[in-house]
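Everything below concerns the one structure shown next.
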Amino acid sequence: MLSIYTTEDIVKTIFQDSDNKYEVWYDFITKLRPAMKVLLNENTDYEYNDYNPIYMFEKDYDIHVEPEFLDVVGENAYLSLVMSLTPKEIKDSHAIFLLDIEEAKAKEISEKYGVICHAFGLNPTINPIFQDSIEKNVEKKEIGRGWHELLLRDVRRTWASPKAR
C-alpha cells in the first residue's frame, strides 16, 4: 500500500490551497487515497475539530490516517526523527515523504531509504510521479511490432547509418 509521510501544516496547506499551487498533491491524495502518516502539531485540534484538514481528508475521502505525535518538539524534531530511521523501519517501500525541507535534504532522504522524498517548497510537477509518461504506438499492420522493436525503434533509427535509412 502506498503511504505518504508528511506534517499537519503541509496537509493544511494542500487542503486550503486557493491558488491551485498544490492541486496535483490534492488530486493525488483524493484519487489514490494513500495511507497518510501525519505528524500532528503540538497544539493540534485534529481529535476534536471536524473541520481539521486531516480529519476532512480522512472522513470525506475515506483515507486511512495514522496521526503521529513527537515526544521531542522543536523546529527540526521531525527531520531528526526521519533521518534517524533505519531502512527496515520504513514499512512501505513505495512511501512518499512530503516534507518542508530543502531540495538537497530531500535527495539525501530519497537516496538513503530508496523512497520518493519531495521538498514541499518545490513545484510539485517536477516530482517524477507527476511526469507525463512516454507513449509509443504501433499500427496493427506495421512490421516488427514486438516489445523489442517498440521500445528500441527510435534508438535504432538514430544509430543506423545513412545508407540503411
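In the C-alpha cells, chains take the letters A, B, ... in the order shown, each chain's residues start at 1, and ligands count up from 1 in the order shown.
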List as a PyMOL selection string the protein and nucleic acid residues near segment 7-15 of chain A, meaning an atom at most 12 Å away when only C-alpha atoms are counted, but skip any in the same chain fewer than 4 places from it. chain A and resi 19-30+36-46+51-58+60+65-70+77-79+82+97-101+118-121+124
Mind the document's chain letters and residue numbers, and return as a list in words the residues of segment 2-129 of chain A that DSSP labels strand (DSSP E or B).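 Answer for segment 2-129 of chain A restricted to strand (DSSP E or B) is Ser3, Ile4, Tyr5, Thr6, Thr7, Ala35, Met36, Lys37, Val38, Leu39, Val65, Glu66, Pro67, Glu68, Ile96, Phe97, Leu98, Leu99, Ile116, Cys117, His118 and Ala119 of chain A.
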Write the residues you've just listed into a file as a compact mmCIF listing (two decimals), in the first residue's frame, and include N, CA and C atoms for each of them.
```
# COMPACT_ATOMS: atom_id res chain seq x y z
N SER A 3 2.01 4.93 0.94
CA SER A 3 1.91 5.79 2.12
C SER A 3 2.58 7.13 1.86
N ILE A 4 2.02 8.16 2.48
CA ILE A 4 2.64 9.48 2.45
C ILE A 4 2.99 9.86 3.88
N TYR A 5 4.24 10.19 4.10
CA TYR A 5 4.71 10.70 5.39
C TYR A 5 4.79 12.22 5.25
N THR A 6 4.07 12.94 6.08
CA THR A 6 4.06 14.39 5.97
C THR A 6 3.70 15.02 7.32
N THR A 7 3.42 16.30 7.31
CA THR A 7 3.09 17.01 8.55
C THR A 7 1.70 17.64 8.44
N ALA A 35 -2.35 5.75 2.37
CA ALA A 35 -2.32 5.88 3.83
C ALA A 35 -1.49 7.12 4.14
N MET A 36 -1.94 7.92 5.08
CA MET A 36 -1.22 9.14 5.42
C MET A 36 -0.71 9.05 6.84
N LYS A 37 0.59 9.13 6.98
CA LYS A 37 1.23 9.15 8.29
C LYS A 37 1.60 10.60 8.55
N VAL A 38 0.80 11.24 9.40
CA VAL A 38 0.88 12.69 9.57
C VAL A 38 1.38 13.06 10.96
N LEU A 39 2.45 13.83 10.99
CA LEU A 39 2.94 14.36 12.25
C LEU A 39 2.05 15.53 12.63
N VAL A 65 -5.66 7.49 7.96
CA VAL A 65 -4.72 8.43 8.55
C VAL A 65 -4.16 7.83 9.82
N GLU A 66 -2.84 7.86 9.93
CA GLU A 66 -2.16 7.45 11.16
C GLU A 66 -1.51 8.68 11.75
N PRO A 67 -2.18 9.34 12.70
CA PRO A 67 -1.57 10.53 13.31
C PRO A 67 -0.38 10.13 14.17
N GLU A 68 0.64 10.97 14.13
CA GLU A 68 1.85 10.72 14.92
C GLU A 68 2.13 11.94 15.78
N ILE A 96 6.12 7.88 0.10
CA ILE A 96 6.45 9.22 -0.38
C ILE A 96 6.58 10.10 0.85
N PHE A 97 7.71 10.76 0.97
CA PHE A 97 7.92 11.71 2.05
C PHE A 97 7.70 13.10 1.47
N LEU A 98 6.73 13.80 1.98
CA LEU A 98 6.41 15.15 1.55
C LEU A 98 6.71 16.06 2.74
N LEU A 99 7.89 16.69 2.70
CA LEU A 99 8.38 17.41 3.87
C LEU A 99 8.78 18.84 3.52
N ILE A 116 10.57 8.08 -2.51
CA ILE A 116 10.44 9.42 -3.09
C ILE A 116 10.33 10.40 -1.94
N CYS A 117 11.18 11.39 -1.94
CA CYS A 117 11.09 12.46 -0.95
C CYS A 117 11.03 13.77 -1.73
N HIS A 118 9.98 14.53 -1.49
CA HIS A 118 9.78 15.79 -2.21
C HIS A 118 9.83 16.95 -1.25
N ALA A 119 10.64 17.93 -1.59
CA ALA A 119 10.70 19.17 -0.80
C ALA A 119 9.44 19.97 -1.11
```
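Rounded to one decimal, atom CA of Lys88 of chain A and atom CA of Thr125 of chain A lie 29.3 Å from each other.
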Atom-to-atom span, atom CA of Ser18 of chain A and atom CA of Leu2 of chain A, Å: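 Separating atom CA of Ser18 of chain A from atom CA of Leu2 of chain A is a distance of 26.5 Å.
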